[in-house]
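Engineer: This is the structure I want to talk about, given as structure tokens.
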Amino acid sequence: MGAGRGWVVMNHLLIRILAGGSLCLAAAGVAPGSAAEPGEPGELATHSEPFAVVELYTSEGCSSCPPAEAVLNGLHRDAQANGTRVFTLAFHVDYWNRLGWTDPFSDAAYSDRQRRYAAAFRSRSIYTPQMIVNGRRQFVGSDARRAQGEVDGALRGDGRPSLGVGVAAAASQTDAGDAVLEVRWRVDEVPASASLHLVVVEDGLVTDVPRGENRGRTLRHDGVVRVLDTRALSDHDGSARLALPERIDLTQASVVAFVQDRRSFEVLGAHRVGVVDEAE
């Protein structure tokens, strides 16, 4: 690790498994606990607090999406201000790119992911803006009242069963000049048919859109998914090197590590850590 680069170590976590059979997307949670040494997440501590994972499928080329992003950004700010366990992830799809404006944060992998969730929800189509809370409820993302209601219900622990998989991780840049992030992770259980997802998200992004349906608008984004790395979970710990996109501000970035059942799409456990560039 290059000089001036500090490890940021995740605190301990145990997330409760959601109700059986429901679709679930990415989840993240942070709970207080003692820090471990860099690269060694340490022993996991059990936590039973409920959480809300809010995912938005969106595009800068969609004129209906800015109100939904405002809802997502509001949930993100409220969670930061109040210390609630609400975690937002914005997946920018690519199927709007052919209509006048190429979303710089879009990726075909996010569109494919949304199609797989549509199949799990038994829906014949995909759309933007789509919001999903804890994988259990999906609705139009600009419906602020529905979004707040679903988040409040999740934070009350509605439908929360009693099992869970603990997840811990740490992240750092590999070298002062490299656009690579090394993430080390540990889980306390290795469920059958489970995947590990490592996600880099960035807040505080601003785009002046010159073309397409949002021509002339300035769009502001939080929780934008910049990297999505998925791998089969076969061991209790490991590490991964994630190539970072150009022009990413690591002081505004965080890593979400979560375990997901490949068949039911349930999220079995998750954790989140900030990524801080300490070099002057």
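Residue numbers start at 1 in each chain; chains themselves are named A, B, ... in the order of the structure tokens; ligands are numbered from 1 in the order shown.
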Applying 8 Å and only C-alpha atoms, which residues near segment 242-250 of chain A remain after dropping the ones on its own chain fewer than 5 positions away? List them as number ranges by chain.
Structural biologist: A: 179-183, 202, 226-227, 229, 275-277
Engineer: When DSSP works through the backbone of this structure, what residues of segment 54-272 of chain A end up as helix (DSSP H, G or I), shown as a ChimeraX atom specification?
Structural biologist: /A:65-82,97-99,108-120,144-155,250-252
Engineer: For the residues in that selection, give me C-alpha atoms as a PDB file, in the first residue's frame.
Structural biologist:
ATOM      1  CA  CYS A  65     -36.207  10.066 -13.327  1.00  0.00           C
ATOM      2  CA  PRO A  66     -35.067  13.361 -11.719  1.00  0.00           C
ATOM      3  CA  PRO A  67     -38.037  13.440  -9.274  1.00  0.00           C
ATOM      4  CA  ALA A  68     -37.245   9.849  -8.264  1.00  0.00           C
ATOM      5  CA  GLU A  69     -33.576  10.707  -7.777  1.00  0.00           C
ATOM      6  CA  ALA A  70     -34.653  13.612  -5.572  1.00  0.00           C
ATOM      7  CA  VAL A  71     -36.582  11.106  -3.441  1.00  0.00           C
ATOM      8  CA  LEU A  72     -33.551   8.809  -3.230  1.00  0.00           C
ATOM      9  CA  ASN A  73     -31.213  11.700  -2.416  1.00  0.00           C
ATOM     10  CA  GLY A  74     -33.596  12.853   0.321  1.00  0.00           C
ATOM     11  CA  LEU A  75     -33.641   9.413   1.911  1.00  0.00           C
ATOM     12  CA  HIS A  76     -29.848   9.374   1.790  1.00  0.00           C
ATOM     13  CA  ARG A  77     -29.520  12.789   3.451  1.00  0.00           C
ATOM     14  CA  ASP A  78     -32.072  11.930   6.133  1.00  0.00           C
ATOM     15  CA  ALA A  79     -30.227   8.710   6.948  1.00  0.00           C
ATOM     16  CA  GLN A  80     -26.936  10.572   7.299  1.00  0.00           C
ATOM     17  CA  ALA A  81     -28.470  13.275   9.466  1.00  0.00           C
ATOM     18  CA  ASN A  82     -30.430  10.932  11.728  1.00  0.00           C
ATOM     19  CA  ASN A  97     -28.713   5.967 -24.149  1.00  0.00           C
ATOM     20  CA  ARG A  98     -29.949   5.630 -27.736  1.00  0.00           C
ATOM     21  CA  LEU A  99     -32.444   8.475 -27.311  1.00  0.00           C
ATOM     22  CA  ALA A 108     -25.421  -2.711 -19.547  1.00  0.00           C
ATOM     23  CA  ALA A 109     -24.786  -4.928 -16.509  1.00  0.00           C
ATOM     24  CA  TYR A 110     -27.223  -2.827 -14.467  1.00  0.00           C
ATOM     25  CA  SER A 111     -29.902  -3.214 -17.149  1.00  0.00           C
ATOM     26  CA  ASP A 112     -29.318  -6.974 -17.167  1.00  0.00           C
ATOM     27  CA  ARG A 113     -29.591  -7.032 -13.387  1.00  0.00           C
ATOM     28  CA  GLN A 114     -32.904  -5.206 -13.533  1.00  0.00           C
ATOM     29  CA  ARG A 115     -34.200  -7.746 -16.085  1.00  0.00           C
ATOM     30  CA  ARG A 116     -33.332 -10.603 -13.749  1.00  0.00           C
ATOM     31  CA  TYR A 117     -35.252  -8.921 -10.937  1.00  0.00           C
ATOM     32  CA  ALA A 118     -38.207  -8.384 -13.290  1.00  0.00           C
ATOM     33  CA  ALA A 119     -38.234 -12.118 -13.950  1.00  0.00           C
ATOM     34  CA  ALA A 120     -38.168 -12.824 -10.223  1.00  0.00           C
ATOM     35  CA  ALA A 144     -42.220   9.824  -2.221  1.00  0.00           C
ATOM     36  CA  ARG A 145     -45.047   8.848   0.138  1.00  0.00           C
ATOM     37  CA  ARG A 146     -44.803   5.181  -0.858  1.00  0.00           C
ATOM     38  CA  ALA A 147     -41.008   5.267  -0.559  1.00  0.00           C
ATOM     39  CA  GLN A 148     -41.115   6.763   2.931  1.00  0.00           C
ATOM     40  CA  GLY A 149     -43.796   4.314   4.017  1.00  0.00           C
ATOM     41  CA  GLU A 150     -41.824   1.309   2.819  1.00  0.00           C
ATOM     42  CA  VAL A 151     -38.643   2.600   4.465  1.00  0.00           C
ATOM     43  CA  ASP A 152     -40.475   3.253   7.749  1.00  0.00           C
ATOM     44  CA  GLY A 153     -41.916  -0.260   7.662  1.00  0.00           C
ATOM     45  CA  ALA A 154     -38.506  -1.776   7.025  1.00  0.00           C
ATOM     46  CA  LEU A 155     -37.004   0.190   9.917  1.00  0.00           C
ATOM     47  CA  LEU A 250     -12.791   8.662  -3.216  1.00  0.00           C
ATOM     48  CA  THR A 251     -13.689  11.096  -0.431  1.00  0.00           C
ATOM     49  CA  GLN A 252     -17.286  10.740  -1.657  1.00  0.00           C
TER      50      GLN A 252
END
Engineer: Which polymer residues have any atom within 8 Å of an atom of Val200 of chain A, counting only C-alpha atoms, with same-chain residues fewer than 2 positions away left out, as a PyMOL selection string?
Structural biologist: chain A and resi 198+202+225-228+253-256
Engineer: Mind giving me the straight-line distance from atom CA of Ser59 of chain A to atom CA of Phe91 of chain A in Å, one decimal?
Structural biologist: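 Going from atom CA of Ser59 of chain A over to atom CA of Phe91 of chain A, I get 8.2 Å.
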Engineer: Provide the atom CA of Gln260 of chain A to atom CA of Ser195 of chain A distance in Å, to one decimal place.
Structural biologist: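 Computing the Euclidean distance for atom CA of Gln260 of chain A and atom CA of Ser195 of chain A yields 5.3 Å.
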Engineer: Where in segment 50-246 of chain A does DSSP assign strand (DSSP E or B), given as number ranges by chain?
Structural biologist: A: 52-58, 86-92, 130-133, 137-140, 164-165, 167-173, 180-187, 194-202, 205-208, 218-221, 224-232, 237-243
Engineer: Deliver the residues from the most recent selection as a file, using C-alpha atoms, as a compact mmCIF listing (two decimals), in the first residue's frame.
Structural biologist:
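Output contents, as saved in selection-v5.txt:
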# COMPACT_ATOMS: atom_id res chain seq x y z
CA ALA A 52 -33.90 -0.41 4.72
CA VAL A 53 -32.10 -0.97 1.44
CA VAL A 54 -33.41 1.35 -1.26
CA GLU A 55 -32.48 0.69 -4.89
CA LEU A 56 -33.36 2.93 -7.80
CA TYR A 57 -33.15 2.00 -11.47
CA THR A 58 -32.71 5.28 -13.28
CA VAL A 86 -31.11 3.38 5.32
CA PHE A 87 -28.78 2.62 2.41
CA THR A 88 -29.34 3.89 -1.12
CA LEU A 89 -28.02 2.47 -4.40
CA ALA A 90 -28.69 4.09 -7.80
CA PHE A 91 -28.22 1.76 -10.78
CA HIS A 92 -28.06 3.80 -14.01
CA GLN A 130 -38.17 1.78 -10.48
CA MET A 131 -37.54 1.68 -6.73
CA ILE A 132 -37.17 -1.47 -4.64
CA VAL A 133 -37.04 -1.49 -0.84
CA ARG A 137 -41.64 -4.09 -2.56
CA GLN A 138 -41.23 -2.40 -5.93
CA PHE A 139 -42.98 0.76 -7.15
CA VAL A 140 -42.51 3.93 -9.19
CA GLY A 164 -28.50 -13.78 9.33
CA VAL A 165 -25.01 -13.85 7.84
CA VAL A 167 -20.22 -9.55 6.88
CA ALA A 168 -17.13 -7.43 7.53
CA ALA A 169 -14.66 -5.77 5.16
CA ALA A 170 -11.89 -3.21 4.71
CA ALA A 171 -10.90 -1.12 1.70
CA SER A 172 -7.83 0.80 0.54
CA GLN A 173 -6.10 1.94 -2.60
CA VAL A 180 -7.43 0.18 -8.05
CA LEU A 181 -9.22 -0.48 -4.78
CA GLU A 182 -8.42 -3.55 -2.72
CA VAL A 183 -11.32 -4.89 -0.68
CA ARG A 184 -10.87 -7.59 1.94
CA TRP A 185 -13.96 -9.29 3.29
CA ARG A 186 -15.07 -11.93 5.76
CA VAL A 187 -18.37 -13.70 6.42
CA ALA A 194 -24.67 -17.61 -2.44
CA SER A 195 -22.91 -14.78 -4.25
CA LEU A 196 -20.77 -12.00 -2.87
CA HIS A 197 -21.32 -8.55 -4.37
CA LEU A 198 -18.76 -5.78 -3.90
CA VAL A 199 -20.15 -2.39 -4.91
CA VAL A 200 -18.41 0.98 -5.09
CA VAL A 201 -20.87 3.89 -4.83
CA GLU A 202 -20.24 7.63 -5.12
CA LEU A 205 -22.23 13.81 -8.51
CA VAL A 206 -23.52 16.62 -10.76
CA THR A 207 -24.23 16.51 -14.52
CA ASP A 208 -25.28 19.33 -16.85
CA THR A 218 -28.57 20.03 -13.92
CA LEU A 219 -28.91 16.62 -12.28
CA ARG A 220 -27.58 15.79 -8.83
CA HIS A 221 -26.93 12.20 -7.74
CA VAL A 224 -24.46 6.12 -7.76
CA VAL A 225 -23.14 2.61 -8.41
CA ARG A 226 -19.74 3.00 -10.10
CA VAL A 227 -18.42 -0.58 -9.75
CA LEU A 228 -20.32 -3.86 -9.35
CA ASP A 229 -18.22 -6.98 -8.79
CA THR A 230 -20.02 -10.32 -8.33
CA ARG A 231 -18.39 -13.63 -7.43
CA ALA A 232 -19.42 -17.01 -6.05
CA ASP A 237 -12.78 -14.66 3.73
CA GLY A 238 -10.88 -13.32 0.77
CA SER A 239 -9.92 -10.21 -1.15
CA ALA A 240 -10.57 -8.56 -4.50
CA ARG A 241 -8.96 -5.82 -6.56
CA LEU A 242 -11.54 -3.50 -8.09
CA ALA A 243 -10.62 -1.30 -11.05
Engineer: Take atom CA of Cys62 of chain A and atom CA of Trp96 of chain A and report the distance between them in Å, one decimal.
Structural biologist: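 If I compute the distance from atom CA of Cys62 of chain A to atom CA of Trp96 of chain A, I get 6.8 Å.
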Engineer: Hey, what's within 6 Å of segment 101-103 of chain A if we count only C-alpha atoms and toss same-chain stuff fewer than 3 positions away? As a compact mmCIF listing (two decimals) with C-alpha atoms, in the first residue's frame, please?
Structural biologist:
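Writing done, so here's selection_5.txt:
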# COMPACT_ATOMS: atom_id res chain seq x y z
CA GLU A 60 -30.10 10.68 -17.03
CA GLY A 61 -31.90 10.25 -20.35
CA ASN A 97 -28.71 5.97 -24.15
CA SER A 106 -24.80 3.77 -17.13
CA ARG A 211 -29.18 16.63 -24.97
CA GLY A 212 -32.06 14.19 -24.65
